[in-house]
Each structure stands twice: as structure tokens, then as C-alpha cells.
Amino acid sequence: MALSAAEVLAGLAEIVTDETGIATDAIALDKSFTDDLDIDSISMMTIVVNAEDKFDVKIPDDEVKNLLTVGDAVNYITKAQG
Amino acid sequence: MAKLIQSTPVAFSKIYSLGAARGDLTVTNDEIAGPINSSDEWITQRTGIVTRMRASKDRSLMDMAVEASNEAIKKAGISPSEIEAVIFSTITHPYQTPSAAALLAELVGANPAPAFDISAACAGYCYGIAQADSLVRSGVAKYVLVVGGEKLTDFIDPTDRSISFLLGDGAGAAIVGPSDSPGISKSVWGSDGSKWEAVGMTGSLLDFRDGTGAWPTLVQEGQTVFRWAVWEMVKVAKQALEAAGIKADELDAIVMHQANERIIDEMAKQLALPEHVVVAKDIKTSGNTSAASIPLAMHALLEQGQIKSGDLALQIGFGAGLAFGAQVVVVP
């Protein structure tokens, strides 16, 4: 059963909080991983791998650079679940 | 009919001793931050590196290899003439041929031992230990000198933000020989050439000769390598423990290739290592020294009294190739 975008956001926020300590409610769709959340490339990869595990999707390395905002990641994961 | 004689195997092998030599220059983050438009804080936060040890122009790869080897030979209590193979893992020997190992054998007094180089980058030392273990247990060689050594600074670009700022110079040496009890577990090793371009050089020497490329320097796709180094190498580490019949809580130390403290920390987290397992962090002061990093890190832990002879350590190397190698060893 595919998760809704809201459910993916909630799950992704937990992963980001676990990696960075950023409060879950600060992790919104319009936030940029680098500019707003100050997440570096290594933390981003940790988040990506944990998201792959949690949502049972594949996020290729080449795709990671396109995931600029939390919303980009939520959209990608939501579609990839299909 | 003539009867062929094959070598007589021995049951076990072990590492007898280690030797270490580092670059003679302590290079701070501030000294290298300018050309990459960075800062001490940025580098420390992303890599854990505070300083790296680099070799000055007058200190060659061979100088460091000889120094490390002589220490290992002395600590093993053997004569260099008893060494029956010399294996030199390096990617920075500046000659296509002859091998660095042949000259090293001559310089340490091991001539006429068979001598050859291994090109397995940051996995090179573990590849060397795997080969030495096989040579000793098969009875082909009694004592083997294994060296992982690099002068990486001959192949860096100060403006490169992918890998150059991580790198240091050094050499680590080990003497492997026969043992009454198991000292080196079955190696788990391999390669993945589908990621051949993930870490390597900016071009070939032919490009440089033909004027179509600059002097080749090291470069990597950081995120690809990070993902592989942590999550694929966790699997390899677990396979190595299983092959050794050792549980994670029976380890005294883990000595990973000192690539980046973030890789080390994430891998340690994924392996759920108990508190008592010492995690080598020589990278903080030595930087990433490729094939030298594992023996240098284990040597440092011994010198600092964080581990002792007889302890069990998982060592795992991984890097360009991509190539990886791991084994559990009894600390000499």
C-alpha cells in the first residue's frame, strides 16, 4: 500500500531529525536541504539511504542532486513507491 | 613416473609486527583551505581531519616505505634475509616499471626475495595481507613483508574540492609469518569495476603526454563513494566477521581505511559496535593515506596503548577500483 505524500513527509522528517537533530516540525515541503536545513552532501546521502530502506524505493546517486527541497524528495519517493 | 613435489602447507599465519612512517610536515586545514575556498570549520565538520601529515619534496615514498619496513623487521625479530616475499601496495610509485617492491626488497636487505606491487588503492594493504596469508599458509614463503605506502601529494590538485584536501602521505609495514594458532581470518575481498570512475585520476598519462590533459590528479564522486563505502562495506565487514567466526562484541578494535571520519562514524553506527570496541581514528591527525592508512592506524592504537598484542581487530580497506578487502587479525 503506497503511502500518501503527507505520510512520506512525516516519515522523511523523522529520518532528517535523526540525522541532523533539526526539529521535525521545521521540516516542511518548501525547505531547501542545503540553504534552509544546512544539510551537507554526506548527511544528505545518509538521509537518502535511510529513506530507501524506510520507503522501499531506489534513489539513484544521479537523482540525489535533483532533490533540492524536502518537497522534491517527498514527490520522488511518493512516485517511486508506485 | 616422476613424482612432483608441491610446497608443504602450514596451518596458520599471523602478523608478527608493524612499522610506521609518516610525512614530515604537519599540514593544518587553514593551510589548504584557501585554494578550495573553504575553512578549517568546513573541513573538520565534513571529514574529521584536523591535520594531515605530508611528506616534503625530499622525503620520498621509498624513504617512508624503508623506514616502516625496517621497524617491522626489527620488531618481528627476524633477519631481512629470511623474508621470502615483498608485497608493496601503492598507487603513487612514480614509475610504470620496475616495481617499487623490488627496490624496497633491495633496500631492506631482502634481495633476492620475490617482490611485486599491488594496485588496489585504499584496499591495498588488506589485499597484501590476504596474499601474504596465502603465501605463508601454502608454504611458499616463510616470512612476507607487506607494505602499504603512498605519497599522494604528488598526485593532488590544491583546488580540487573532492578528495585532495583529505590526503596525507605515509607508509605502514607488516611482517606476516607462520603461527601455532590462527592469526589472520579468511579474507573477504573483491572489486566492483562498474564504479571504476567513482574514484581515480583526472586523466591518463597518455592524455598528459599528448597535451590533451593536465598532469593526472586524484578525484572522486564523493556521494557515490560515501554510499558505497558505508552501506556496502558494512555488508563486507559482517561477512568478514562471519568468515572469522567472531561476533562484533568479541572484537577489541575496528580499523577501517581512514577515508573520512564521517564514513568511519556511520559505518560504526551501522555495525552497532559495543562501547568497548576501539574505533581507529588516525585520520584526525594523519589524513587519508590510502594503502597506508590501516597499518598506520593500527600502529598508532598500539603506540597509544588503546589496543594490545593479542587483541582481535577487524581491518577493512576500500577504495578506487572499486576494490575492497577485510579480515580479522590478531594484533601483533
# chains A, B, ... in the order shown; residues from 1 in each chain; ligands from 1

call {"tool": "interface_residues", "arguments": {"of": "chain B", "to": "chain A", "cutoff": "8 Å", "atoms": "only C-alpha atoms", "output": "NGL selection string"}}
result
:B and (46 or 223-224 or 226-227 or 262)

call {"tool": "residues_around", "arguments": {"residues": "segment 90-95 of chain B", "least_positions_apart": "6", "cutoff": "9 Å", "atoms": "only C-alpha atoms", "output": "list in words"}}
result
Leu61, Met62, Asp117, Ile118, Ser119, Ala120, Ala121, Cys122, Gly124, Tyr125, Val147, Gly148, Gly149, Glu150, Lys151, Leu152, Thr153, Asp154, Phe155, Ser290, Ala291 and Ala292 of chain B

call {"tool": "residues_around", "arguments": {"residues": "Leu68 of chain A", "least_positions_apart": "5", "cutoff": "12 Å", "atoms": "only C-alpha atoms", "output": "list of chain:residue names"}}
result
A:Leu29, A:Asp30, A:Lys31, A:Ser32, A:Phe33, A:Thr34, A:Asp35, A:Asp36, A:Leu37, A:Asp38, A:Ile39, A:Asp40, A:Ser41, A:Met44, A:Glu63, A:Ala73, A:Val74, A:Asn75, A:Tyr76

call {"tool": "write_last_selection", "arguments": {"atoms": "N, CA and C atoms", "output": "compact mmCIF listing (two decimals), in the first residue's frame"}}
result
# COMPACT_ATOMS: atom_id res chain seq x y z
N LEU A 29 7.70 21.08 3.30
CA LEU A 29 7.89 20.80 1.87
C LEU A 29 8.73 21.85 1.15
N ASP A 30 8.60 23.10 1.57
CA ASP A 30 9.28 24.16 0.83
C ASP A 30 10.73 24.39 1.30
N LYS A 31 11.18 23.63 2.26
CA LYS A 31 12.53 23.85 2.80
C LYS A 31 13.61 23.25 1.90
N SER A 32 14.63 24.05 1.65
CA SER A 32 15.78 23.55 0.89
C SER A 32 16.69 22.78 1.85
N PHE A 33 17.15 21.61 1.40
CA PHE A 33 18.03 20.81 2.26
C PHE A 33 19.30 21.58 2.61
N THR A 34 19.87 22.24 1.62
CA THR A 34 21.15 22.91 1.89
C THR A 34 20.95 24.30 2.48
N ASP A 35 20.10 25.12 1.85
CA ASP A 35 20.01 26.52 2.25
C ASP A 35 19.24 26.72 3.56
N ASP A 36 18.14 25.97 3.73
CA ASP A 36 17.31 26.17 4.92
C ASP A 36 17.70 25.24 6.07
N LEU A 37 17.99 23.99 5.72
CA LEU A 37 18.23 22.99 6.78
C LEU A 37 19.73 22.76 7.02
N ASP A 38 20.58 23.37 6.19
CA ASP A 38 22.03 23.31 6.36
C ASP A 38 22.53 21.86 6.38
N ILE A 39 21.98 21.07 5.48
CA ILE A 39 22.37 19.65 5.40
C ILE A 39 23.45 19.50 4.33
N ASP A 40 24.60 18.93 4.71
CA ASP A 40 25.69 18.79 3.73
C ASP A 40 25.53 17.51 2.92
N SER A 41 26.43 17.35 1.94
CA SER A 41 26.26 16.25 0.97
C SER A 41 26.35 14.88 1.63
N MET A 44 23.15 14.27 3.50
CA MET A 44 22.10 14.06 2.51
C MET A 44 22.11 12.60 2.06
N GLU A 63 20.15 10.96 -9.13
CA GLU A 63 18.89 11.62 -8.82
C GLU A 63 19.00 12.53 -7.60
N ALA A 73 11.98 15.64 -2.57
CA ALA A 73 12.21 14.28 -2.08
C ALA A 73 10.89 13.56 -1.83
N VAL A 74 9.94 14.27 -1.25
CA VAL A 74 8.63 13.66 -0.98
C VAL A 74 7.96 13.25 -2.30
N ASN A 75 8.02 14.15 -3.31
CA ASN A 75 7.43 13.82 -4.61
C ASN A 75 8.10 12.59 -5.22
N TYR A 76 9.44 12.58 -5.17
CA TYR A 76 10.17 11.47 -5.79
C TYR A 76 9.81 10.15 -5.12

call {"tool": "closest_residue", "arguments": {"among": "B:Gln306, B:Asn70, B:Gln45, B:Ser138", "to": "Val277 of chain B", "atoms": "only C-alpha atoms"}}
result
B:Gln306

call {"tool": "select_by_dssp", "arguments": {"residues": "segment 153-281 of chain B", "states": "alpha helix (DSSP H)", "output": "ChimeraX atom specification"}}
result
/B:205-209,222-227,233-244,261-271

call {"tool": "write_last_selection", "arguments": {"atoms": "N, CA and C atoms", "output": "mmCIF file, in the first residue's frame"}}
result
data_model
loop_
_atom_site.group_PDB
_atom_site.id
_atom_site.type_symbol
_atom_site.label_atom_id
_atom_site.label_comp_id
_atom_site.auth_asym_id
_atom_site.auth_seq_id
_atom_site.Cartn_x
_atom_site.Cartn_y
_atom_site.Cartn_z
ATOM 1 N N LEU B 205 48.068 9.121 -18.296
ATOM 2 C CA LEU B 205 49.385 9.664 -18.628
ATOM 3 C C LEU B 205 49.501 9.910 -20.131
ATOM 4 N N LEU B 206 48.753 9.150 -20.922
ATOM 5 C CA LEU B 206 48.788 9.353 -22.374
ATOM 6 C C LEU B 206 48.159 10.695 -22.750
ATOM 7 N N ASP B 207 47.072 11.042 -22.021
ATOM 8 C CA ASP B 207 46.466 12.366 -22.247
ATOM 9 C C ASP B 207 47.497 13.458 -21.955
ATOM 10 N N PHE B 208 48.220 13.255 -20.871
ATOM 11 C CA PHE B 208 49.219 14.256 -20.460
ATOM 12 C C PHE B 208 50.334 14.352 -21.510
ATOM 13 N N ARG B 209 50.802 13.189 -21.967
ATOM 14 C CA ARG B 209 51.862 13.168 -22.986
ATOM 15 C C ARG B 209 51.422 13.877 -24.257
ATOM 16 N N GLY B 222 32.118 12.082 -4.533
ATOM 17 C CA GLY B 222 32.023 11.909 -3.086
ATOM 18 C C GLY B 222 30.786 11.176 -2.609
ATOM 19 N N GLN B 223 29.623 11.573 -3.105
ATOM 20 C CA GLN B 223 28.395 10.949 -2.595
ATOM 21 C C GLN B 223 28.301 9.475 -2.975
ATOM 22 N N THR B 224 28.695 9.163 -4.220
ATOM 23 C CA THR B 224 28.666 7.766 -4.657
ATOM 24 C C THR B 224 29.595 6.918 -3.795
ATOM 25 N N VAL B 225 30.781 7.464 -3.561
ATOM 26 C CA VAL B 225 31.767 6.718 -2.776
ATOM 27 C C VAL B 225 31.302 6.589 -1.331
ATOM 28 N N PHE B 226 30.727 7.645 -0.786
ATOM 29 C CA PHE B 226 30.248 7.593 0.593
ATOM 30 C C PHE B 226 29.190 6.511 0.765
ATOM 31 N N ARG B 227 28.234 6.493 -0.158
ATOM 32 C CA ARG B 227 27.171 5.486 -0.052
ATOM 33 C C ARG B 227 27.764 4.074 -0.116
ATOM 34 N N MET B 233 30.147 -1.593 2.509
ATOM 35 C CA MET B 233 31.241 -2.107 3.339
ATOM 36 C C MET B 233 30.758 -2.643 4.687
ATOM 37 N N VAL B 234 29.610 -2.178 5.145
ATOM 38 C CA VAL B 234 29.025 -2.782 6.347
ATOM 39 C C VAL B 234 28.733 -4.260 6.066
ATOM 40 N N LYS B 235 28.232 -4.524 4.865
ATOM 41 C CA LYS B 235 27.962 -5.924 4.499
ATOM 42 C C LYS B 235 29.257 -6.728 4.475
ATOM 43 N N VAL B 236 30.306 -6.124 3.900
ATOM 44 C CA VAL B 236 31.606 -6.818 3.820
ATOM 45 C C VAL B 236 32.166 -7.049 5.226
ATOM 46 N N ALA B 237 32.024 -6.064 6.087
ATOM 47 C CA ALA B 237 32.514 -6.213 7.467
ATOM 48 C C ALA B 237 31.800 -7.372 8.155
ATOM 49 N N LYS B 238 30.500 -7.451 7.947
ATOM 50 C CA LYS B 238 29.733 -8.544 8.572
ATOM 51 C C LYS B 238 30.141 -9.902 7.998
ATOM 52 N N GLN B 239 30.393 -9.916 6.673
ATOM 53 C CA GLN B 239 30.849 -11.170 6.055
ATOM 54 C C GLN B 239 32.215 -11.585 6.612
ATOM 55 N N ALA B 240 33.078 -10.597 6.833
ATOM 56 C CA ALA B 240 34.420 -10.900 7.355
ATOM 57 C C ALA B 240 34.324 -11.453 8.774
ATOM 58 N N LEU B 241 33.439 -10.878 9.575
ATOM 59 C CA LEU B 241 33.247 -11.386 10.940
ATOM 60 C C LEU B 241 32.711 -12.818 10.901
ATOM 61 N N GLU B 242 31.764 -13.046 10.007
ATOM 62 C CA GLU B 242 31.179 -14.393 9.910
ATOM 63 C C GLU B 242 32.247 -15.399 9.473
ATOM 64 N N ALA B 243 33.058 -14.995 8.478
ATOM 65 C CA ALA B 243 34.115 -15.893 7.996
ATOM 66 C C ALA B 243 35.134 -16.183 9.096
ATOM 67 N N ALA B 244 35.297 -15.213 10.000
ATOM 68 C CA ALA B 244 36.262 -15.371 11.093
ATOM 69 C C ALA B 244 35.664 -16.116 12.287
ATOM 70 N N GLU B 261 36.208 10.722 8.558
ATOM 71 C CA GLU B 261 35.643 10.345 9.858
ATOM 72 C C GLU B 261 34.136 10.099 9.769
ATOM 73 N N ARG B 262 33.486 10.779 8.855
ATOM 74 C CA ARG B 262 32.035 10.586 8.727
ATOM 75 C C ARG B 262 31.714 9.169 8.239
ATOM 76 N N ILE B 263 32.551 8.648 7.338
ATOM 77 C CA ILE B 263 32.373 7.256 6.896
ATOM 78 C C ILE B 263 32.610 6.313 8.068
ATOM 79 N N ILE B 264 33.678 6.582 8.816
ATOM 80 C CA ILE B 264 34.018 5.720 9.955
ATOM 81 C C ILE B 264 32.876 5.718 10.973
ATOM 82 N N ASP B 265 32.381 6.898 11.301
ATOM 83 C CA ASP B 265 31.318 7.004 12.304
ATOM 84 C C ASP B 265 30.033 6.325 11.833
ATOM 85 N N GLU B 266 29.691 6.545 10.564
ATOM 86 C CA GLU B 266 28.443 5.970 10.063
ATOM 87 C C GLU B 266 28.556 4.448 9.989
ATOM 88 N N MET B 267 29.721 3.956 9.561
ATOM 89 C CA MET B 267 29.872 2.508 9.484
ATOM 90 C C MET B 267 29.837 1.889 10.875
ATOM 91 N N ALA B 268 30.499 2.546 11.836
ATOM 92 C CA ALA B 268 30.484 2.035 13.215
ATOM 93 C C ALA B 268 29.044 2.004 13.741
ATOM 94 N N LYS B 269 28.281 3.039 13.400
ATOM 95 C CA LYS B 269 26.873 3.105 13.837
ATOM 96 C C LYS B 269 26.068 1.952 13.219
ATOM 97 N N GLN B 270 26.274 1.747 11.906
ATOM 98 C CA GLN B 270 25.529 0.690 11.215
ATOM 99 C C GLN B 270 25.894 -0.702 11.748
ATOM 100 N N LEU B 271 27.142 -0.855 12.181
ATOM 101 C CA LEU B 271 27.584 -2.156 12.698
ATOM 102 C C LEU B 271 27.142 -2.368 14.144
#

call {"tool": "residues_around", "arguments": {"residues": "Tyr143 of chain B", "least_positions_apart": "2", "cutoff": "12 Å", "atoms": "only C-alpha atoms", "output": "PyMOL selection string"}}
result
chain B and resi 13-17+72-73+76-87+110+113-114+129+131-141+145-146+174-179

call {"tool": "decode", "arguments": {"residues": "segment 32-43 of chain B", "atoms": "N, CA and C atoms", "output": "tab-separated table (two decimals), in the first residue's frame"}}
result
chain	number	residue	atom	x	y	z
B	32	ILE	N	45.42	24.76	3.76
B	32	ILE	CA	44.97	24.27	2.45
B	32	ILE	C	43.58	24.77	2.08
B	33	ALA	N	42.95	25.54	3.00
B	33	ALA	CA	41.56	25.96	2.79
B	33	ALA	C	41.42	26.99	1.67
B	34	GLY	N	42.43	27.85	1.49
B	34	GLY	CA	42.34	28.93	0.53
B	34	GLY	C	41.98	28.50	-0.88
B	35	PRO	N	42.79	27.62	-1.49
B	35	PRO	CA	42.53	27.24	-2.89
B	35	PRO	C	41.20	26.54	-3.12
B	36	ILE	N	40.58	26.00	-2.06
B	36	ILE	CA	39.27	25.38	-2.27
B	36	ILE	C	38.16	26.26	-1.67
B	37	ASN	N	38.50	27.51	-1.40
B	37	ASN	CA	37.52	28.47	-0.91
B	37	ASN	C	36.75	27.89	0.27
B	38	SER	N	37.50	27.38	1.24
B	38	SER	CA	36.88	26.67	2.35
B	38	SER	C	37.40	27.22	3.67
B	39	SER	N	37.21	26.47	4.73
B	39	SER	CA	37.65	26.92	6.06
B	39	SER	C	37.98	25.70	6.92
B	40	ASP	N	38.69	25.98	8.01
B	40	ASP	CA	39.00	24.91	8.97
B	40	ASP	C	37.71	24.24	9.44
B	41	GLU	N	36.71	25.05	9.73
B	41	GLU	CA	35.44	24.52	10.25
B	41	GLU	C	34.77	23.59	9.22
B	42	TRP	N	34.74	24.04	7.96
B	42	TRP	CA	34.09	23.25	6.89
B	42	TRP	C	34.80	21.89	6.75
B	43	ILE	N	36.11	21.93	6.71
B	43	ILE	CA	36.87	20.68	6.51
B	43	ILE	C	36.72	19.76	7.71
